[in-house]
Amino acid sequence: MRRLLVLLLIFLVSCAKMTEEKRARLATENYSQGMSAYARKDYKEAISKLSEALKYLENLTPEQIKSAKYTIGESYYLRKDYINAIVYLEDYLFYYPESPEAERVYFMVVDSYMKVAPDAYRDQSYTLKAIDKAKEFLGRYPNSPYTDRVMELIDNAQRKIAKHEYLIGRFYEDFGYYYSASLRYRNLLINFPEQVSEVEVLYRYIKSLLLVKEQAKRQEAKYKRWIESAERELRSAKSEEDRKAIQNRIDFLNREIKRWKDIAELSRQEGLRLLETYAQVYGENPYYRELKRYAGQ
C-alpha cells in the first residue's frame with residue numbers, strides 16, 4: 001500500500017512538472033508567434049497570441065510582458081478598435097509611465113478618445129475627455145513631435161463641442177426657451193469665439209435676450225393657473241396647517257412670477273445694449289434689421 005502511494009506521488013509530481021513545462025512552452029511560443037504576427041501586420045493574430053501568452057506571464061520576462069502589453073494596445077489602435085485600444089493603452093501607461101514608448105502611447109490614447117467621440121448631436125463626454133487628455137499630453141511632452149497633431153485634435157474637439165452647444169441653443173430657441181438659449185449662445189461667444197460664426201451667434205444671443213419676455217409671459221400664465229387652483233384649495237382647507245402650506249405655495253409662485261419679470265427686463269436691457277454694438281461692428285445687415293423688429297423699433 002505504501003509503495004502504491006509513493007508511486008502515485010511520483011506520478012503527480014511528474015504531471016505537475018510537465019504542466020509547468022507546458023505553461024512555459026505556451027508562453028514562449030505564443031509570445032514569439034504574436035510578435036511575428038505584429039511584424040507582418042496581422043494585428044488580429046498578434047492580439048490573440050500575445051493575450052494568450054500573458055495568461056502565463058510568470059514564464060515571461062518583465063521586458064516580454066511590457067512588450068506584449070504595448071503591442072496589444074497598439075494593435076487594437078491600428079485595427080481601429082479604439083475602445084479596446086484605450087483600455088490596453090491606459091493600462092500600459094499605468095504600469096510603464098516612464099517608458100520610451102509612453103509618449104506614443106499617450107498620443108494614441110488622445111487620438112482614440114477623439115475617434116470614439118460621437119457626432120455633435122450626441123453626448124460629448126468622450127470629446128471632453130479627449131481634450132483633457134490632450135492638454136495633459138502637451139503638459140507632459142511640450143516638445144513632442146506629436147504636438148502639431150495634438151493641437152489639431154484639440155481644435156477639432158473644440159469645434160465639435162461648440163457645434164454641440166450651438167445645437168442645444170437652437171433647440172431651446174426653436175421651442176421658445178429663450179432664456180436657456182441665451183445662456184448657451186453667451187457661453188459660445190465667451191468660450192468658443194474662434195469655432196463659431198460670431199455674426200450669427202451674436203444675432204441669436206441678442207434675439208433670445210429680446211424674446212425672454214415671451215417665455216416669461218408663458219411662465220406667468222402657468223403660475224397664475226396654479227395660483228388660482230391653490231386659492232380654491234385654500235378656501236376649502238380644514239386646518240391651519242393646510243392653509244399655511246397652501247399659502248406658502250401661493251407666495252412661492254408669486255415670487256416666481258416676479259423673478260421671471262425681472263429676468264425678462266434685464267435680458268431686454270442687455271439685448272438692446274448689444275443691439276447698438278451689433279450695428280457698430282457688423283453694420284445694418286439683415287440680422288440687424290430682424291433684431292430691430294424683435295426690439296419693437
# chains A, B, ... in the order shown; residues from 1 in each chain; ligands from 1
>>> residues_around(residues="Ile190 of chain A", least_positions_apart="4", cutoff="12 Å", atoms="only C-alpha atoms", output="list in words")
Ala162, Leu183, Arg184, Tyr185, Arg186, Glu194, Gln195, Val196, Glu198, Val201, Leu202 and Tyr205 of chain A
>>> select_by_dssp(residues="segment 57-285 of chain A", states="alpha helix (DSSP H)", output="PyMOL selection string")
chain A and resi 62-78+82-95+102-116+125-140+147-174+178-191+198-236+240-282
>>> residues_around(residues="Asp111 of chain A", least_positions_apart="6", cutoff="12 Å", atoms="only C-alpha atoms", output="PyMOL selection string")
chain A and resi 74+77-78+80-83+85-86+89+104-105+117+126-127+129-134+137+146+149-154+156-157
>>> closest_atom_pairs(of="segment 186-255 of chain A", to="segment 265-268 of chain A", cutoff="8 Å", atoms="only C-alpha atoms", output="Markdown table")
| residue | atom | partner | partner_atom | distance |
| --- | --- | --- | --- | --- |
| A:Leu209 | CA | A:Ser267 | CA | 4.9 |
| A:Leu210 | CA | A:Arg268 | CA | 4.8 |
| A:Leu211 | CA | A:Arg268 | CA | 7.7 |
| A:Val212 | CA | A:Ser267 | CA | 6.7 |
| A:Lys213 | CA | A:Glu265 | CA | 7.4 |
>>> write_last_selection(atoms="N, CA, C and O atoms", output="tab-separated table (two decimals), in the first residue's frame")
chain	number	residue	atom	x	y	z
A	209	LEU	N	-32.32	87.13	-26.03
A	209	LEU	CA	-32.48	88.07	-24.93
A	209	LEU	C	-33.74	88.91	-25.08
A	209	LEU	O	-34.50	89.14	-24.12
A	210	LEU	N	-34.00	89.38	-26.30
A	210	LEU	CA	-35.17	90.23	-26.54
A	210	LEU	C	-36.48	89.45	-26.42
A	210	LEU	O	-37.53	90.04	-26.14
A	211	LEU	N	-36.42	88.13	-26.63
A	211	LEU	CA	-37.63	87.33	-26.60
A	211	LEU	C	-37.85	86.59	-25.28
A	211	LEU	O	-38.84	85.86	-25.14
A	212	VAL	N	-36.96	86.79	-24.31
A	212	VAL	CA	-37.18	86.18	-23.00
A	212	VAL	C	-38.53	86.62	-22.42
A	212	VAL	O	-39.19	85.86	-21.71
A	213	LYS	N	-38.96	87.83	-22.78
A	213	LYS	CA	-40.25	88.31	-22.29
A	213	LYS	C	-41.38	87.39	-22.71
A	213	LYS	O	-42.37	87.23	-21.96
>>> residues_around(residues="Val199 of chain A", least_positions_apart="4", cutoff="9 Å", atoms="only C-alpha atoms", output="list in words")
Tyr203, Arg204, Tyr278, Tyr282 and Tyr287 of chain A
>>> atom_distance(atom1="atom CA of Arg79 of chain A", atom2="atom CA of Glu103 of chain A")
19.8 Å
>>> residues_around(residues="segment 251-254 of chain A", least_positions_apart="4", cutoff="9 Å", atoms="only C-alpha atoms", output="MDAnalysis selection string")
chainID A and resid 220 223:224 226:227 246:247 258:259
>>> write_last_selection(atoms="C-alpha atoms", output="compact mmCIF listing (two decimals), in the first residue's frame")
# COMPACT_ATOMS: atom_id res chain seq x y z
CA GLU A 220 -46.60 83.85 -15.67
CA TYR A 223 -48.09 80.12 -12.48
CA LYS A 224 -51.34 82.11 -12.35
CA TRP A 226 -51.54 77.17 -10.39
CA ILE A 227 -52.25 80.10 -8.05
CA ILE A 246 -51.09 76.32 0.58
CA GLN A 247 -50.33 79.98 1.26
CA LYS A 258 -41.70 88.41 -10.22
CA ARG A 259 -38.41 86.57 -10.82
>>> atom_distance(atom1="atom CA of Tyr288 of chain A", atom2="atom CA of Ala216 of chain A")
23.7 Å
>>> residues_around(residues="Asp123 of chain A", least_positions_apart="4", cutoff="12 Å", atoms="only C-alpha atoms", output="ChimeraX atom specification")
/A:116-119,127-129,160-161,163-165,167-168
>>> residues_around(residues="Ser32 of chain A", least_positions_apart="4", cutoff="9 Å", atoms="only C-alpha atoms", output="list in words")
Ala27, Thr28, Ser36, Ala37, Lys49, Leu50 and Ala53 of chain A
>>> atom_distance(atom1="atom CA of Asn84 of chain A", atom2="atom CA of Met114 of chain A")
13.8 Å
